[in-house]
Amino acid sequence: MLKRYGTPPKRGIPYTRRPGAYVILPIGYGILLTYQDGEEREFQLPGGGVDAGEHPIPALHREVIEETGWIISAPRRLGAYKRFVFMPEYDLWAEKICTIYVARPCYRLCDPLEKDHSDHILSIPLALEVMPNEADREYIRAYFAL
């Protein structure tokens, strides 16, 4: 049974299961995050949806390049959780199944490919302060034993 974060599902709403892969990227004494400067302006762990027929690891590599421009290696699964959200970019009510990994950021290949995304290296305390997702903060705290 996956732990649920955020609001419970709303009655009468059909939710579509949406798997996703997200990653903690320790770098120096900090963590590499993506900042989304679109409709929802926020710092997030890099990652995103796993498309139908796609394996989570290639999806993770693809999403990290798209959102940060970085190449990563040696992803290792830490755990998973779920949350129920409305995804306006897809006009979709989703049951997001979020699998969290940790990996090594190798090098920055290019600028982020996704519109309104930028890559940032933040200290762990600052990352925990600015990230709105409670579940991701909990995984960061657990990984860094905080």
# chains A, B, ... in the order shown; residues from 1 in each chain; ligands from 1
>>> select_by_dssp(residues="chain A", states="helix (DSSP H, G or I)", output="MDAnalysis selection string")
chainID A and resid 56:68 124:130 134:143
>>> write_last_selection(atoms="N, CA and C atoms", output="PDB file, in the first residue's frame")
ATOM      1  N   PRO A  56      10.414   3.111 -16.553  1.00  0.00           N
ATOM      2  CA  PRO A  56      10.678   4.274 -15.691  1.00  0.00           C
ATOM      3  C   PRO A  56      12.110   4.829 -15.766  1.00  0.00           C
ATOM      4  N   ILE A  57      13.119   3.983 -15.937  1.00  0.00           N
ATOM      5  CA  ILE A  57      14.504   4.493 -15.940  1.00  0.00           C
ATOM      6  C   ILE A  57      14.784   5.344 -17.177  1.00  0.00           C
ATOM      7  N   PRO A  58      14.492   4.890 -18.401  1.00  0.00           N
ATOM      8  CA  PRO A  58      14.664   5.785 -19.553  1.00  0.00           C
ATOM      9  C   PRO A  58      13.805   7.044 -19.434  1.00  0.00           C
ATOM     10  N   ALA A  59      12.595   6.910 -18.867  1.00  0.00           N
ATOM     11  CA  ALA A  59      11.735   8.084 -18.668  1.00  0.00           C
ATOM     12  C   ALA A  59      12.414   9.074 -17.726  1.00  0.00           C
ATOM     13  N   LEU A  60      13.041   8.568 -16.680  1.00  0.00           N
ATOM     14  CA  LEU A  60      13.739   9.429 -15.728  1.00  0.00           C
ATOM     15  C   LEU A  60      14.877  10.187 -16.418  1.00  0.00           C
ATOM     16  N   HIS A  61      15.693   9.478 -17.189  1.00  0.00           N
ATOM     17  CA  HIS A  61      16.788  10.133 -17.923  1.00  0.00           C
ATOM     18  C   HIS A  61      16.238  11.202 -18.869  1.00  0.00           C
ATOM     19  N   ARG A  62      15.173  10.875 -19.590  1.00  0.00           N
ATOM     20  CA  ARG A  62      14.555  11.825 -20.529  1.00  0.00           C
ATOM     21  C   ARG A  62      14.048  13.060 -19.806  1.00  0.00           C
ATOM     22  N   GLU A  63      13.311  12.853 -18.717  1.00  0.00           N
ATOM     23  CA  GLU A  63      12.742  13.977 -17.975  1.00  0.00           C
ATOM     24  C   GLU A  63      13.823  14.874 -17.378  1.00  0.00           C
ATOM     25  N   VAL A  64      14.898  14.284 -16.862  1.00  0.00           N
ATOM     26  CA  VAL A  64      15.967  15.095 -16.268  1.00  0.00           C
ATOM     27  C   VAL A  64      16.630  15.968 -17.333  1.00  0.00           C
ATOM     28  N   ILE A  65      16.891  15.405 -18.502  1.00  0.00           N
ATOM     29  CA  ILE A  65      17.469  16.215 -19.588  1.00  0.00           C
ATOM     30  C   ILE A  65      16.501  17.320 -19.997  1.00  0.00           C
ATOM     31  N   GLU A  66      15.211  16.978 -20.152  1.00  0.00           N
ATOM     32  CA  GLU A  66      14.226  17.975 -20.569  1.00  0.00           C
ATOM     33  C   GLU A  66      14.115  19.118 -19.561  1.00  0.00           C
ATOM     34  N   GLU A  67      14.133  18.784 -18.271  1.00  0.00           N
ATOM     35  CA  GLU A  67      13.877  19.798 -17.240  1.00  0.00           C
ATOM     36  C   GLU A  67      15.122  20.496 -16.719  1.00  0.00           C
ATOM     37  N   THR A  68      16.302  19.875 -16.857  1.00  0.00           N
ATOM     38  CA  THR A  68      17.523  20.480 -16.308  1.00  0.00           C
ATOM     39  C   THR A  68      18.660  20.586 -17.313  1.00  0.00           C
ATOM     40  N   ILE A 124      20.725  22.064   0.817  1.00  0.00           N
ATOM     41  CA  ILE A 124      19.643  21.191   1.274  1.00  0.00           C
ATOM     42  C   ILE A 124      18.629  21.987   2.112  1.00  0.00           C
ATOM     43  N   PRO A 125      19.080  22.801   3.101  1.00  0.00           N
ATOM     44  CA  PRO A 125      18.090  23.555   3.881  1.00  0.00           C
ATOM     45  C   PRO A 125      17.229  24.488   3.017  1.00  0.00           C
ATOM     46  N   LEU A 126      17.838  25.152   2.040  1.00  0.00           N
ATOM     47  CA  LEU A 126      17.062  26.044   1.176  1.00  0.00           C
ATOM     48  C   LEU A 126      16.084  25.248   0.312  1.00  0.00           C
ATOM     49  N   ALA A 127      16.527  24.117  -0.220  1.00  0.00           N
ATOM     50  CA  ALA A 127      15.644  23.276  -1.032  1.00  0.00           C
ATOM     51  C   ALA A 127      14.426  22.855  -0.219  1.00  0.00           C
ATOM     52  N   LEU A 128      14.650  22.444   1.018  1.00  0.00           N
ATOM     53  CA  LEU A 128      13.537  22.022   1.869  1.00  0.00           C
ATOM     54  C   LEU A 128      12.590  23.182   2.172  1.00  0.00           C
ATOM     55  N   GLU A 129      13.130  24.382   2.199  1.00  0.00           N
ATOM     56  CA  GLU A 129      12.316  25.562   2.481  1.00  0.00           C
ATOM     57  C   GLU A 129      11.450  25.962   1.285  1.00  0.00           C
ATOM     58  N   VAL A 130      11.972  25.830   0.072  1.00  0.00           N
ATOM     59  CA  VAL A 130      11.263  26.363  -1.102  1.00  0.00           C
ATOM     60  C   VAL A 130      10.433  25.334  -1.863  1.00  0.00           C
ATOM     61  N   GLU A 134       5.322  18.145  -0.014  1.00  0.00           N
ATOM     62  CA  GLU A 134       5.658  17.551   1.284  1.00  0.00           C
ATOM     63  C   GLU A 134       6.330  16.185   1.137  1.00  0.00           C
ATOM     64  N   ALA A 135       5.849  15.371   0.217  1.00  0.00           N
ATOM     65  CA  ALA A 135       6.403  14.033   0.029  1.00  0.00           C
ATOM     66  C   ALA A 135       7.857  14.104  -0.436  1.00  0.00           C
ATOM     67  N   ASP A 136       8.140  14.968  -1.413  1.00  0.00           N
ATOM     68  CA  ASP A 136       9.515  15.107  -1.900  1.00  0.00           C
ATOM     69  C   ASP A 136      10.431  15.609  -0.792  1.00  0.00           C
ATOM     70  N   ARG A 137       9.944  16.541   0.029  1.00  0.00           N
ATOM     71  CA  ARG A 137      10.750  17.027   1.163  1.00  0.00           C
ATOM     72  C   ARG A 137      11.046  15.879   2.128  1.00  0.00           C
ATOM     73  N   GLU A 138      10.054  15.024   2.356  1.00  0.00           N
ATOM     74  CA  GLU A 138      10.251  13.895   3.264  1.00  0.00           C
ATOM     75  C   GLU A 138      11.309  12.927   2.719  1.00  0.00           C
ATOM     76  N   TYR A 139      11.286  12.665   1.418  1.00  0.00           N
ATOM     77  CA  TYR A 139      12.298  11.789   0.815  1.00  0.00           C
ATOM     78  C   TYR A 139      13.686  12.416   0.884  1.00  0.00           C
ATOM     79  N   ILE A 140      13.775  13.721   0.688  1.00  0.00           N
ATOM     80  CA  ILE A 140      15.073  14.408   0.810  1.00  0.00           C
ATOM     81  C   ILE A 140      15.598  14.305   2.233  1.00  0.00           C
ATOM     82  N   ARG A 141      14.731  14.578   3.204  1.00  0.00           N
ATOM     83  CA  ARG A 141      15.156  14.473   4.621  1.00  0.00           C
ATOM     84  C   ARG A 141      15.640  13.056   4.943  1.00  0.00           C
ATOM     85  N   ALA A 142      14.917  12.063   4.480  1.00  0.00           N
ATOM     86  CA  ALA A 142      15.294  10.671   4.756  1.00  0.00           C
ATOM     87  C   ALA A 142      16.618  10.317   4.078  1.00  0.00           C
ATOM     88  N   TYR A 143      16.795  10.735   2.830  1.00  0.00           N
ATOM     89  CA  TYR A 143      18.029  10.410   2.116  1.00  0.00           C
ATOM     90  C   TYR A 143      19.248  11.036   2.786  1.00  0.00           C
TER      91      TYR A 143
END
>>> residues_around(residues="A:Phe84", least_positions_apart="2", cutoff="10 Å", atoms="only C-alpha atoms", output="list of chain:residue names")
A:Arg4, A:Tyr5, A:Gly6, A:Thr7, A:Pro8, A:Pro9, A:Lys10, A:Tyr15, A:Thr16, A:Arg17, A:Arg18, A:Lys82, A:Phe86, A:Met87, A:Trp93, A:Ala94, A:Glu95, A:Lys96, A:Ile97
>>> atom_distance(atom1="atom CA of A:Gly20", atom2="atom CA of A:Cys110")
23.0 Å
>>> residues_around(residues="A:His117", least_positions_apart="5", cutoff="12 Å", atoms="only C-alpha atoms", output="PyMOL selection string")
chain A and resi 33-47+63-69+111-112
>>> closest_residue(among="A:Met131, A:Cys98, A:Ala21, A:Leu109", to="A:Trp70", atoms="only C-alpha atoms")
A:Leu109
>>> select_by_dssp(residues="stretch 25-133 of chain A", states="strand (DSSP E or B)", output="PyMOL selection string")
chain A and resi 26-27+30-37+41-44+47-49+70-87+92-108+117-123
>>> closest_atom_pairs(of="stretch 86-128 of chain A", to="stretch 27-30 of chain A", cutoff="7 Å", atoms="only C-alpha atoms", output="Markdown table")
| residue | atom | partner | partner_atom | distance |
| --- | --- | --- | --- | --- |
| A:Pro105 | CA | A:Ile27 | CA | 6.9 |
| A:Ile121 | CA | A:Gly30 | CA | 6.1 |
| A:Leu122 | CA | A:Gly30 | CA | 5.3 |
| A:Ser123 | CA | A:Gly30 | CA | 4.2 |
| A:Ile124 | CA | A:Gly30 | CA | 5.3 |
>>> atom_distance(atom1="atom CA of A:His55", atom2="atom CA of A:Thr99")
12.1 Å
